[in-house]
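Peer 1: This one is target.pdb, PDB, C-alpha atoms and all ligand atoms.
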```pdb
ATOM      1  CA  MET X   1      45.345  57.314  14.295
ATOM      2  CA  VAL X   2      47.241  53.990  14.670
ATOM      3  CA  ARG X   3      44.943  51.365  16.124
ATOM      4  CA  GLY X   4      45.989  47.970  17.462
ATOM      5  CA  PRO X   5      44.380  44.586  16.946
ATOM      6  CA  LEU X   6      40.950  44.222  18.539
ATOM      7  CA  LEU X   7      40.606  40.888  20.366
ATOM      8  CA  PHE X   8      37.312  39.299  21.381
ATOM      9  CA  CYS X   9      36.627  35.843  22.754
ATOM     10  CA  GLY X  10      33.726  33.442  22.782
ATOM     11  CA  SER X  11      32.942  31.369  25.857
ATOM     12  CA  SER X  12      35.427  28.534  25.204
ATOM     13  CA  ASN X  13      38.662  29.895  26.642
ATOM     14  CA  PRO X  14      38.381  33.329  28.304
ATOM     15  CA  ALA X  15      41.444  32.670  30.495
ATOM     16  CA  LEU X  16      43.676  32.273  27.444
ATOM     17  CA  ALA X  17      42.097  35.330  25.791
ATOM     18  CA  THR X  18      42.809  37.413  28.899
ATOM     19  CA  LYS X  19      46.468  36.338  28.868
ATOM     20  CA  ILE X  20      46.810  37.132  25.159
ATOM     21  CA  ALA X  21      45.232  40.564  25.629
ATOM     22  CA  ALA X  22      47.677  41.267  28.477
ATOM     23  CA  ALA X  23      50.627  40.160  26.341
ATOM     24  CA  LEU X  24      49.438  42.394  23.489
ATOM     25  CA  GLY X  25      48.918  45.304  25.868
ATOM     26  CA  GLU X  26      45.389  45.714  24.481
ATOM     27  CA  PRO X  27      42.098  45.452  26.377
ATOM     28  CA  LEU X  28      39.928  42.431  25.612
ATOM     29  CA  GLY X  29      36.905  43.552  23.595
ATOM     30  CA  SER X  30      33.580  43.364  25.354
ATOM     31  CA  ALA X  31      31.173  40.781  23.948
ATOM     32  CA  GLU X  32      28.077  39.063  25.247
ATOM     33  CA  VAL X  33      27.416  35.392  24.566
ATOM     34  CA  ARG X  34      24.074  33.988  25.732
ATOM     35  CA  ARG X  35      21.857  30.966  25.265
ATOM     36  CA  PHE X  36      18.140  31.173  24.660
ATOM     37  CA  GLY X  37      15.878  28.753  26.523
ATOM     38  CA  ASP X  38      15.867  26.315  23.619
ATOM     39  CA  GLY X  39      19.682  26.266  23.437
ATOM     40  CA  GLU X  40      20.069  28.719  20.549
ATOM     41  CA  VAL X  41      23.248  30.799  20.780
ATOM     42  CA  SER X  42      23.091  34.600  20.819
ATOM     43  CA  VAL X  43      26.141  36.892  20.565
ATOM     44  CA  ARG X  44      26.655  40.643  20.620
ATOM     45  CA  LEU X  45      29.883  42.622  20.307
ATOM     46  CA  ASP X  46      29.707  45.687  22.529
ATOM     47  CA  GLU X  47      32.403  47.760  20.810
ATOM     48  CA  THR X  48      32.677  49.657  17.558
ATOM     49  CA  ILE X  49      34.577  47.479  15.122
ATOM     50  CA  ARG X  50      34.154  49.443  11.883
ATOM     51  CA  ALA X  51      37.340  49.113   9.796
ATOM     52  CA  ARG X  52      39.186  47.425  12.683
ATOM     53  CA  ASP X  53      41.499  44.387  12.477
ATOM     54  CA  VAL X  54      39.436  41.988  14.588
ATOM     55  CA  PHE X  55      40.703  38.736  16.139
ATOM     56  CA  LEU X  56      38.066  36.325  17.464
ATOM     57  CA  LEU X  57      39.505  33.737  19.843
ATOM     58  CA  GLN X  58      37.544  30.525  20.151
ATOM     59  CA  SER X  59      38.638  26.926  20.691
ATOM     60  CA  THR X  60      36.007  24.626  19.222
ATOM     61  CA  CYS X  61      36.353  22.211  22.124
ATOM     62  CA  HIS X  62      33.542  20.689  24.199
ATOM     63  CA  PRO X  63      30.712  21.587  23.669
ATOM     64  CA  ALA X  64      32.108  21.732  20.136
ATOM     65  CA  ASN X  65      28.913  22.578  18.300
ATOM     66  CA  ASP X  66      27.975  25.444  20.610
ATOM     67  CA  HIS X  67      31.479  26.894  20.422
ATOM     68  CA  LEU X  68      31.536  26.564  16.641
ATOM     69  CA  MET X  69      28.177  28.278  16.346
ATOM     70  CA  GLU X  70      29.321  31.115  18.656
ATOM     71  CA  LEU X  71      32.311  31.661  16.392
ATOM     72  CA  ALA X  72      30.226  31.603  13.208
ATOM     73  CA  LEU X  73      27.800  34.135  14.680
ATOM     74  CA  MET X  74      30.622  36.383  15.890
ATOM     75  CA  ILE X  75      32.161  36.374  12.406
ATOM     76  CA  ASP X  76      28.783  37.252  10.882
ATOM     77  CA  ALA X  77      28.329  40.041  13.446
ATOM     78  CA  CYS X  78      31.758  41.457  12.502
ATOM     79  CA  ARG X  79      31.009  41.263   8.783
ATOM     80  CA  ARG X  80      27.684  43.073   9.198
ATOM     81  CA  ALA X  81      29.305  45.742  11.402
ATOM     82  CA  SER X  82      31.926  46.502   8.712
ATOM     83  CA  ALA X  83      35.024  45.139  10.438
ATOM     84  CA  GLY X  84      38.100  45.813   8.335
ATOM     85  CA  ARG X  85      39.431  42.252   8.609
ATOM     86  CA  ILE X  86      38.124  39.235  10.529
ATOM     87  CA  ASN X  87      40.725  36.796  11.871
ATOM     88  CA  ALA X  88      39.467  33.646  13.636
ATOM     89  CA  VAL X  89      41.945  32.301  16.197
ATOM     90  CA  LEU X  90      41.208  28.645  16.958
ATOM     91  CA  PRO X  91      43.878  27.417  19.391
ATOM     92  CA  TYR X  92      42.114  24.030  19.164
ATOM     93  CA  PHE X  93      40.305  23.194  15.921
ATOM     94  CA  GLY X  94      37.489  20.738  16.686
ATOM     95  CA  TYR X  95      36.385  18.271  13.990
ATOM     96  CA  SER X  96      39.994  18.116  12.750
ATOM     97  CA  ARG X  97      40.101  14.340  13.254
ATOM     98  CA  GLN X  98      37.348  13.992  10.653
ATOM     99  CA  ASP X  99      39.578  15.086   7.801
ATOM    100  CA  GLY X 100      38.732  12.438   5.204
ATOM    101  CA  LEU X 101      36.137   9.889   4.188
ATOM    102  CA  THR X 102      36.055   7.180   6.838
ATOM    103  CA  ASP X 103      33.271   5.155   5.274
ATOM    104  CA  ARG X 104      30.866   5.196   2.370
ATOM    105  CA  ARG X 105      28.287   7.961   2.616
ATOM    106  CA  SER X 106      30.217   9.746   5.395
ATOM    107  CA  PRO X 107      30.998  13.493   5.425
ATOM    108  CA  ILE X 108      34.381  15.203   5.546
ATOM    109  CA  SER X 109      33.461  17.158   8.631
ATOM    110  CA  ALA X 110      36.613  19.298   8.832
ATOM    111  CA  LYS X 111      35.819  20.532   5.303
ATOM    112  CA  VAL X 112      32.248  21.344   6.376
ATOM    113  CA  VAL X 113      33.620  23.459   9.238
ATOM    114  CA  ALA X 114      35.992  25.237   6.841
ATOM    115  CA  ASN X 115      33.119  25.913   4.418
ATOM    116  CA  LEU X 116      30.979  27.257   7.247
ATOM    117  CA  LEU X 117      33.633  29.689   8.511
ATOM    118  CA  CYS X 118      34.393  30.903   4.966
ATOM    119  CA  ALA X 119      30.689  31.249   4.154
ATOM    120  CA  VAL X 120      30.087  33.580   7.094
ATOM    121  CA  GLY X 121      33.011  35.739   6.025
ATOM    122  CA  VAL X 122      36.231  34.898   7.863
ATOM    123  CA  ASP X 123      39.359  36.453   6.314
ATOM    124  CA  ARG X 124      42.044  34.393   8.045
ATOM    125  CA  ILE X 125      42.420  31.398  10.337
ATOM    126  CA  ILE X 126      45.099  31.097  13.011
ATOM    127  CA  THR X 127      45.335  27.666  14.605
ATOM    128  CA  ILE X 128      47.729  25.414  16.480
ATOM    129  CA  ASP X 129      48.868  21.859  15.703
ATOM    130  CA  ILE X 130      45.836  20.906  13.631
ATOM    131  CA  HIS X 131      45.372  17.127  13.491
ATOM    132  CA  ALA X 132      45.973  16.907   9.735
ATOM    133  CA  ALA X 133      48.032  19.671   8.100
ATOM    134  CA  GLN X 134      46.163  19.284   4.803
ATOM    135  CA  ILE X 135      43.067  20.823   6.451
ATOM    136  CA  GLN X 136      44.722  24.167   5.662
ATOM    137  CA  GLY X 137      43.820  23.453   2.042
ATOM    138  CA  PHE X 138      40.125  23.166   2.950
ATOM    139  CA  PHE X 139      40.066  26.952   3.405
ATOM    140  CA  LYS X 140      40.070  29.508   0.613
ATOM    141  CA  VAL X 141      41.537  32.113   3.009
ATOM    142  CA  PRO X 142      45.050  32.147   4.547
ATOM    143  CA  VAL X 143      45.680  29.751   7.439
ATOM    144  CA  GLU X 144      48.499  30.464   9.890
ATOM    145  CA  HIS X 145      49.360  27.053  11.317
ATOM    146  CA  LEU X 146      51.419  27.197  14.493
ATOM    147  CA  ASN X 147      53.478  24.517  16.119
ATOM    148  CA  VAL X 148      54.143  24.242  19.861
ATOM    149  CA  THR X 149      57.183  21.973  19.673
ATOM    150  CA  ARG X 150      59.504  24.662  21.010
ATOM    151  CA  LEU X 151      57.215  25.291  23.979
ATOM    152  CA  LEU X 152      56.959  21.611  24.893
ATOM    153  CA  VAL X 153      60.689  21.087  24.419
ATOM    154  CA  GLU X 154      61.480  24.040  26.730
ATOM    155  CA  HIS X 155      59.492  22.304  29.478
ATOM    156  CA  LEU X 156      60.941  18.858  28.773
ATOM    157  CA  ARG X 157      64.494  20.240  28.916
ATOM    158  CA  GLN X 158      63.979  21.136  32.567
ATOM    159  CA  LEU X 159      63.210  17.520  33.478
ATOM    160  CA  PRO X 160      65.768  14.913  34.504
ATOM    161  CA  LEU X 161      65.710  13.034  31.195
ATOM    162  CA  ASP X 162      68.769  10.995  30.317
ATOM    163  CA  GLU X 163      69.138  10.253  26.582
ATOM    164  CA  PRO X 164      65.369  10.360  26.114
ATOM    165  CA  VAL X 165      63.476   8.415  23.490
ATOM    166  CA  VAL X 166      60.618  10.363  21.937
ATOM    167  CA  VAL X 167      57.832   7.978  20.984
ATOM    168  CA  SER X 168      55.034   8.491  18.487
ATOM    169  CA  PRO X 169      51.961   6.456  19.502
ATOM    170  CA  ASP X 170      51.022   5.959  15.843
ATOM    171  CA  ALA X 171      52.546   6.185  12.384
ATOM    172  CA  GLY X 172      50.801   9.505  11.629
ATOM    173  CA  GLY X 173      52.677  11.287  14.420
ATOM    174  CA  VAL X 174      56.250  10.491  13.402
ATOM    175  CA  ASP X 175      57.011  13.996  12.079
ATOM    176  CA  ARG X 176      55.803  15.552  15.330
ATOM    177  CA  ALA X 177      57.904  13.126  17.408
ATOM    178  CA  THR X 178      60.931  13.763  15.208
ATOM    179  CA  GLN X 179      60.663  17.522  15.744
ATOM    180  CA  VAL X 180      60.519  17.052  19.523
ATOM    181  CA  ALA X 181      63.439  14.592  19.433
ATOM    182  CA  MET X 182      65.516  17.086  17.432
ATOM    183  CA  GLY X 183      64.747  19.838  19.942
ATOM    184  CA  LEU X 184      65.431  17.607  22.913
ATOM    185  CA  GLY X 185      68.435  15.809  21.528
ATOM    186  CA  GLY X 186      66.985  12.308  21.740
ATOM    187  CA  SER X 187      66.173   9.429  19.463
ATOM    188  CA  ILE X 188      62.733   8.334  18.279
ATOM    189  CA  ALA X 189      60.621   5.190  18.432
ATOM    190  CA  LEU X 190      57.240   4.424  16.921
ATOM    191  CA  ILE X 191      54.252   2.341  17.893
ATOM    192  CA  ASP X 192      52.641   0.736  14.882
ATOM    193  CA  ARG X 193      48.964  -0.114  15.423
ATOM    194  CA  GLN X 194      47.388  -2.693  13.156
ATOM    195  CA  ARG X 195      43.954  -4.282  13.010
ATOM    196  CA  ALA X 196      43.975  -7.843  11.604
ATOM    197  CA  ALA X 197      40.255  -7.617  10.740
ATOM    198  CA  PRO X 198      37.817  -4.662  10.787
ATOM    199  CA  ALA X 199      36.206  -5.717  14.113
ATOM    200  CA  ALA X 200      39.411  -6.903  15.790
ATOM    201  CA  THR X 201      41.218  -4.925  18.490
ATOM    202  CA  ARG X 202      44.362  -3.242  17.257
ATOM    203  CA  SER X 203      47.680  -4.857  18.105
ATOM    204  CA  MET X 204      50.627  -2.630  18.933
ATOM    205  CA  HIS X 205      54.180  -3.153  17.744
ATOM    206  CA  LEU X 206      57.050  -1.093  19.057
ATOM    207  CA  VAL X 207      59.637  -0.048  16.487
ATOM    208  CA  GLY X 208      62.765   1.035  18.349
ATOM    209  CA  ASP X 209      64.521   0.266  21.616
ATOM    210  CA  VAL X 210      63.328   1.840  24.893
ATOM    211  CA  ARG X 211      64.992  -0.458  27.452
ATOM    212  CA  ASP X 212      66.294   1.544  30.458
ATOM    213  CA  ARG X 213      65.398   4.803  28.714
ATOM    214  CA  ASP X 214      63.275   7.798  29.704
ATOM    215  CA  CYS X 215      60.442   7.919  27.175
ATOM    216  CA  VAL X 216      58.332  10.860  26.073
ATOM    217  CA  LEU X 217      55.154  10.036  24.161
ATOM    218  CA  VAL X 218      54.202  12.881  21.824
ATOM    219  CA  ASP X 219      50.737  13.387  20.347
ATOM    220  CA  ASP X 220      48.488  16.205  19.167
ATOM    221  CA  ILE X 221      45.391  15.239  21.168
ATOM    222  CA  ILE X 222      44.650  13.353  24.363
ATOM    223  CA  ASP X 223      40.931  12.600  24.364
ATOM    224  CA  THR X 224      39.880   9.405  26.194
ATOM    225  CA  ALA X 225      43.595   8.864  27.012
ATOM    226  CA  ALA X 226      43.319   5.283  25.695
ATOM    227  CA  THR X 227      45.974   5.764  23.000
ATOM    228  CA  LEU X 228      48.624   7.127  25.340
ATOM    229  CA  THR X 229      47.946   4.956  28.400
ATOM    230  CA  GLU X 230      48.025   1.783  26.266
ATOM    231  CA  ALA X 231      51.214   3.006  24.623
ATOM    232  CA  ALA X 232      52.747   3.655  28.061
ATOM    233  CA  GLU X 233      51.883   0.077  29.136
ATOM    234  CA  LEU X 234      53.697  -1.243  26.097
ATOM    235  CA  LEU X 235      56.775   0.923  26.737
ATOM    236  CA  VAL X 236      57.014  -0.190  30.367
ATOM    237  CA  SER X 237      56.593  -3.826  29.324
ATOM    238  CA  ARG X 238      59.576  -3.272  27.011
ATOM    239  CA  GLY X 239      61.741  -2.010  29.848
ATOM    240  CA  ALA X 240      61.268   1.789  29.684
ATOM    241  CA  ARG X 241      62.636   3.496  32.833
ATOM    242  CA  SER X 242      60.013   6.245  32.822
ATOM    243  CA  VAL X 243      57.186   7.444  30.592
ATOM    244  CA  ARG X 244      55.956  11.012  30.197
ATOM    245  CA  ALA X 245      53.578  12.424  27.612
ATOM    246  CA  ALA X 246      53.713  15.772  25.794
ATOM    247  CA  VAL X 247      50.429  16.583  24.071
ATOM    248  CA  THR X 248      49.231  19.823  22.504
ATOM    249  CA  HIS X 249      45.473  19.666  23.091
ATOM    250  CA  PRO X 250      44.040  18.354  26.419
ATOM    251  CA  VAL X 251      40.574  17.264  25.265
ATOM    252  CA  LEU X 252      40.416  14.826  28.245
ATOM    253  CA  SER X 253      36.847  13.554  27.772
ATOM    254  CA  GLY X 254      34.878  11.402  30.189
ATOM    255  CA  SER X 255      37.080   9.341  32.497
ATOM    256  CA  ALA X 256      40.335  10.298  30.751
ATOM    257  CA  VAL X 257      41.823  11.952  33.840
ATOM    258  CA  ALA X 258      41.087   8.906  36.026
ATOM    259  CA  ARG X 259      42.648   6.664  33.367
ATOM    260  CA  LEU X 260      45.687   8.933  33.243
ATOM    261  CA  GLU X 261      45.997   8.858  37.028
ATOM    262  CA  ARG X 262      46.017   5.030  37.042
ATOM    263  CA  SER X 263      48.459   4.812  34.150
ATOM    264  CA  GLN X 264      52.219   4.360  33.793
ATOM    265  CA  ILE X 265      52.492   7.980  32.608
ATOM    266  CA  SER X 266      54.243   9.947  35.343
ATOM    267  CA  GLU X 267      53.546  13.389  33.862
ATOM    268  CA  LEU X 268      51.369  14.858  31.132
ATOM    269  CA  ILE X 269      52.760  18.100  29.720
ATOM    270  CA  THR X 270      50.108  19.941  27.764
ATOM    271  CA  THR X 271      48.994  23.454  26.810
ATOM    272  CA  ASP X 272      46.076  25.785  27.455
ATOM    273  CA  THR X 273      44.626  25.611  23.924
ATOM    274  CA  ILE X 274      41.717  24.015  25.792
ATOM    275  CA  PRO X 275      41.091  25.137  29.380
ATOM    276  CA  LEU X 276      41.635  22.495  32.045
ATOM    277  CA  ALA X 277      38.535  22.544  34.259
ATOM    278  CA  ALA X 278      39.191  22.652  38.006
ATOM    279  CA  ASP X 279      37.934  19.079  38.453
ATOM    280  CA  LYS X 280      40.470  17.847  35.882
ATOM    281  CA  GLN X 281      43.524  19.475  37.420
ATOM    282  CA  ARG X 282      46.010  16.991  38.839
ATOM    283  CA  ARG X 283      49.589  17.105  40.065
ATOM    284  CA  LYS X 284      50.476  14.834  37.136
ATOM    285  CA  ILE X 285      49.293  17.419  34.603
ATOM    286  CA  SER X 286      51.520  20.414  33.767
ATOM    287  CA  VAL X 287      50.112  23.154  31.549
ATOM    288  CA  VAL X 288      52.295  25.527  29.539
ATOM    289  CA  THR X 289      50.636  28.555  28.019
ATOM    290  CA  VAL X 290      50.463  29.345  24.314
ATOM    291  CA  ALA X 291      49.497  32.958  25.090
ATOM    292  CA  PRO X 292      52.863  34.654  24.318
ATOM    293  CA  GLN X 293      53.177  32.798  21.003
ATOM    294  CA  LEU X 294      49.606  33.613  19.951
ATOM    295  CA  ALA X 295      50.016  37.240  21.018
ATOM    296  CA  ALA X 296      53.190  37.555  18.951
ATOM    297  CA  VAL X 297      51.494  36.011  15.911
ATOM    298  CA  ILE X 298      48.468  38.289  16.272
ATOM    299  CA  HIS X 299      50.803  41.282  16.513
ATOM    300  CA  ASN X 300      52.747  40.279  13.405
ATOM    301  CA  VAL X 301      49.611  39.527  11.384
ATOM    302  CA  HIS X 302      48.265  42.916  12.411
ATOM    303  CA  VAL X 303      51.368  44.834  11.358
ATOM    304  CA  GLY X 304      51.959  42.717   8.250
ATOM    305  CA  ALA X 305      55.176  41.083   9.465
ATOM    306  CA  SER X 306      56.255  37.477   8.911
ATOM    307  CA  VAL X 307      54.966  34.833  11.304
ATOM    308  CA  LEU X 308      57.273  32.082  10.070
ATOM    309  CA  ALA X 309      59.747  32.209  12.974
ATOM    310  CA  LEU X 310      56.854  32.343  15.444
ATOM    311  CA  SER X 311      55.041  29.358  14.026
ATOM    312  CA  LEU X 312      57.786  26.801  14.645
TER
HETATM  313  C1  LIG W 401      44.545  10.341  16.655
HETATM  314  O1  LIG W 401      44.914  10.146  15.495
HETATM  315  C2  LIG W 401      45.098  11.436  17.487
HETATM  316  O2  LIG W 401      46.365  11.843  17.058
HETATM  317  C3  LIG W 401      45.145  11.022  18.958
HETATM  318  O3  LIG W 401      46.082   9.957  19.084
HETATM  319  C4  LIG W 401      43.806  10.570  19.439
HETATM  320  O4  LIG W 401      42.828  11.534  19.144
HETATM  321  C5  LIG W 401      43.845  10.312  20.940
HETATM  322  O5  LIG W 401      42.588   9.894  21.342
HETATM  323  P1  LIG W 401      42.363   9.073  22.670
HETATM  324  O6  LIG W 401      43.020   9.842  23.779
HETATM  325  O7  LIG W 401      40.859   9.000  22.799
HETATM  326  O8  LIG W 401      42.962   7.713  22.493
END
```
Rewrite the structure from the file as structure tokens, please.
Peer 2:
Amino acid sequence: MVRGPLLFCGSSNPALATKIAAALGEPLGSAEVRRFGDGEVSVRLDETIRARDVFLLQSTCHPANDHLMELALMIDACRRASAGRINAVLPYFGYSRQDGLTDRRSPISAKVVANLLCAVGVDRIITIDIHAAQIQGFFKVPVEHLNVTRLLVEHLRQLPLDEPVVVSPDAGGVDRATQVAMGLGGSIALIDRQRAAPAATRSMHLVGDVRDRDCVLVDDIIDTAATLTEAAELLVSRGARSVRAAVTHPVLSGSAVARLERSQISELITTDTIPLAADKQRRKISVVTVAPQLAAVIHNVHVGASVLALSL
């Protein structure tokens, strides 16, 4: 009997999981995720998974530790119930910004997360636009690393942008901005952020010309929104005609949405790797779904076909 991929989700992003299941034409597996009174996480998969190709969808977004623990427990449950293969699908990979030593006696937290997932028995990781690509090397199992440039560019192409300038808000994001600029047919600019002394505020220097141009800031994460709203201020002060932002992961912590609302950014284009809670939804925020891309990758991984063309 030919059996399809078996998809389950934790509590982080059931809406995305439902869309992926629909795109795959497979029912979403039934699982129960609960909390005990003291906050401990409890999970149970309510389907037979023996010898099946299981895909566990979980974004390790807020509350990151709970979501990470749910995923670790689901992987362990699959291992103990003799799943054939356990694929963890992390549309958003929390802790990815802690990818190196930041100080003496500090951890490399992204490596700790990788160790944890491998220790409980994951066979493969599928993730999107991870903050630092080298995190793939933290895993001893295959990592399928997907890029959403094409998705963001498709949306941007529908907007009235005239000779756009794609702007990276920091030096680390230049490759990402270049990919979007190539897809959109625009040029790039870069904001260089420097700190004169460890405790000093960072000064921003714009490299490139944005006068009378439609600008698109591109980043992997919008968290407090400070990086992008400050960058937008700088672009407007340098004569930009309009500023939009295209960002993969809408972390949007604390007062980020209010800051975005007050900012020079006219539109934030983002994805559903992290669900946008009802109280964060605004007319300024457009969400494009990663569900068809993830469904196609899951299908190809399941049948043993290449995912290269789907990951770009
Ligand atoms: C940092 O290196 C990331 O690429 C983002 O620029 C950063 O996480 C954004 O954070 P925030 O919105 O809090 O400024």
Peer 1: Neighbours of ligand LIG 401 (chain W) at 9 Å or closer, counting all atoms listed in the file: which residues, as a list in words?
Peer 2: Arg97, His131, Ala132, Pro169, Asp170, Gly172, Gly173, Asp219, Asp220, Ile221, Ile222, Asp223, Thr224, Ala225, Ala226, Thr227, Leu228, Thr229, Glu230, Pro250, Val251, Leu252, Ser253 and Ala256 of chain X
Peer 1: Would you give me, as a Markdown table, each residue of region 194-298 of chain X having an atom within 6 Å of an atom of region 164-168 of chain X, along with its shortest atom pair and that distance in Å to one decimal, using all atoms listed in the file and sorting by chain and residue number?
Peer 2:
```
| residue | atom | partner | partner_atom | distance |
| --- | --- | --- | --- | --- |
| X:Asp214 | CA | X:Pro164 | CA | 4.9 |
| X:Cys215 | CA | X:Val165 | CA | 4.8 |
| X:Val216 | CA | X:Val166 | CA | 4.8 |
| X:Leu217 | CA | X:Val167 | CA | 4.6 |
| X:Val218 | CA | X:Ser168 | CA | 5.6 |
```
Peer 1: In Å to one decimal, how far is CA of Leu57 (chain X) from CA of Val89 (chain X)?
Peer 2: 4.6 Å
Peer 1: For Ile126 (chain X), which residue among X:Ala189, X:Ile298, X:Leu24, X:Val243 is the nearest when counting only C-alpha atoms?
Peer 2: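 Smallest separation from Ile126 (chain X) among the options: X:Ile298.
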Peer 1: Contacts between region 5-15 of chain X and region 216-292 of chain X, please, where a residue of region 216-292 of chain X counts if it comes within 12 Å (with only C-alpha atoms); show its shortest atom pair and distance in Å to one decimal, rows by chain and ascending number, as CSV.
Peer 2:
```
residue,atom,partner,partner_atom,distance
X:Asp272,CA,X:Asn13,CA,8.5
X:Thr273,CA,X:Asn13,CA,7.8
X:Ile274,CA,X:Asn13,CA,6.7
X:Pro275,CA,X:Asn13,CA,6.0
X:Leu276,CA,X:Asn13,CA,9.6
X:Ala277,CA,X:Asn13,CA,10.6
X:Thr289,CA,X:Ala15,CA,10.4
X:Val290,CA,X:Ala15,CA,11.4
X:Ala291,CA,X:Ala15,CA,9.7
```
Peer 1: Just want the 8 Å neighbourhood of Leu184 (chain X), counted on all atoms listed in the file, with same-chain residues fewer than 6 positions away dropped. Output as a list of chain:residue names.
Peer 2: X:Val153, X:Leu156, X:Arg157, X:Pro164
Peer 1: Using only C-alpha atoms, give me every residue within 8 Å of (29.9, 30.9, 20.3) in file coordinates, as number ranges by chain.
Peer 2: X: 10-12, 33, 41-43, 58, 66-74
Peer 1: Between X:Ser255, X:Ser306, X:Thr149, X:Gln264, which has the minimum distance to Thr178 (chain X) (counting only C-alpha atoms)?
Peer 2: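 Nearest candidate to Thr178 (chain X) out of X:Ser255, X:Ser306, X:Thr149, X:Gln264: X:Thr149.
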Peer 1: Could you check the closest approach to Asp192 (chain X) for each of X:Ile265, X:Val287, X:Leu310, X:Val207 and tell me which residue wins, using all atoms listed in the file?
Peer 2: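 Counting all atoms listed in the file, the residue closest to Asp192 (chain X) is X:Val207.
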Peer 1: Quick one: which residues end up in the PyMOL selection byres (((chain X and resi 110) around 7) and not hetatm) for this structure, as a list of chain:residue names?
Peer 2: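 On this input, the PyMOL selection byres (((chain X and resi 110) around 7) and not hetatm) captures X:Tyr95, X:Ser96, X:Gln98, X:Asp99, X:Ile108, X:Ser109, X:Lys111, X:Val112, X:Val113, X:Ala114.
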Peer 1: Which residue, X:Arg244, X:Arg193, X:His302, X:Arg282, has the smallest gap to Asp53 (chain X) when you use only C-alpha atoms?
Peer 2: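 Among the listed residues, the smallest separation from Asp53 (chain X) belongs to X:His302.
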Peer 1: State, in Å with one decimal place, the distance from CA of Ala22 (chain X) to CA of Phe93 (chain X).
Peer 2: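 These two atoms are separated by 23.2 Å.
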Peer 1: Would you compute the distance between CA of Phe55 (chain X) and CA of Arg85 (chain X)? Give it in Å to one decimal.
Peer 2: 8.4 Å
Peer 1: Between X:Val303, X:Leu294, X:Met204, X:Ala309, which residue has the minimum interatomic distance to Lys19 (chain X), considering only C-alpha atoms?
Peer 2: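 Closest to Lys19 (chain X), using only C-alpha atoms: X:Leu294.
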Peer 1: Ranking X:Ser237, X:Thr127, X:Thr271, X:Ser242 by minimum distance to Val297 (chain X) and counting all atoms listed in the file, which one comes first?
Peer 2: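 Among X:Ser237, X:Thr127, X:Thr271, X:Ser242, it is X:Thr127 that comes nearest to Val297 (chain X).
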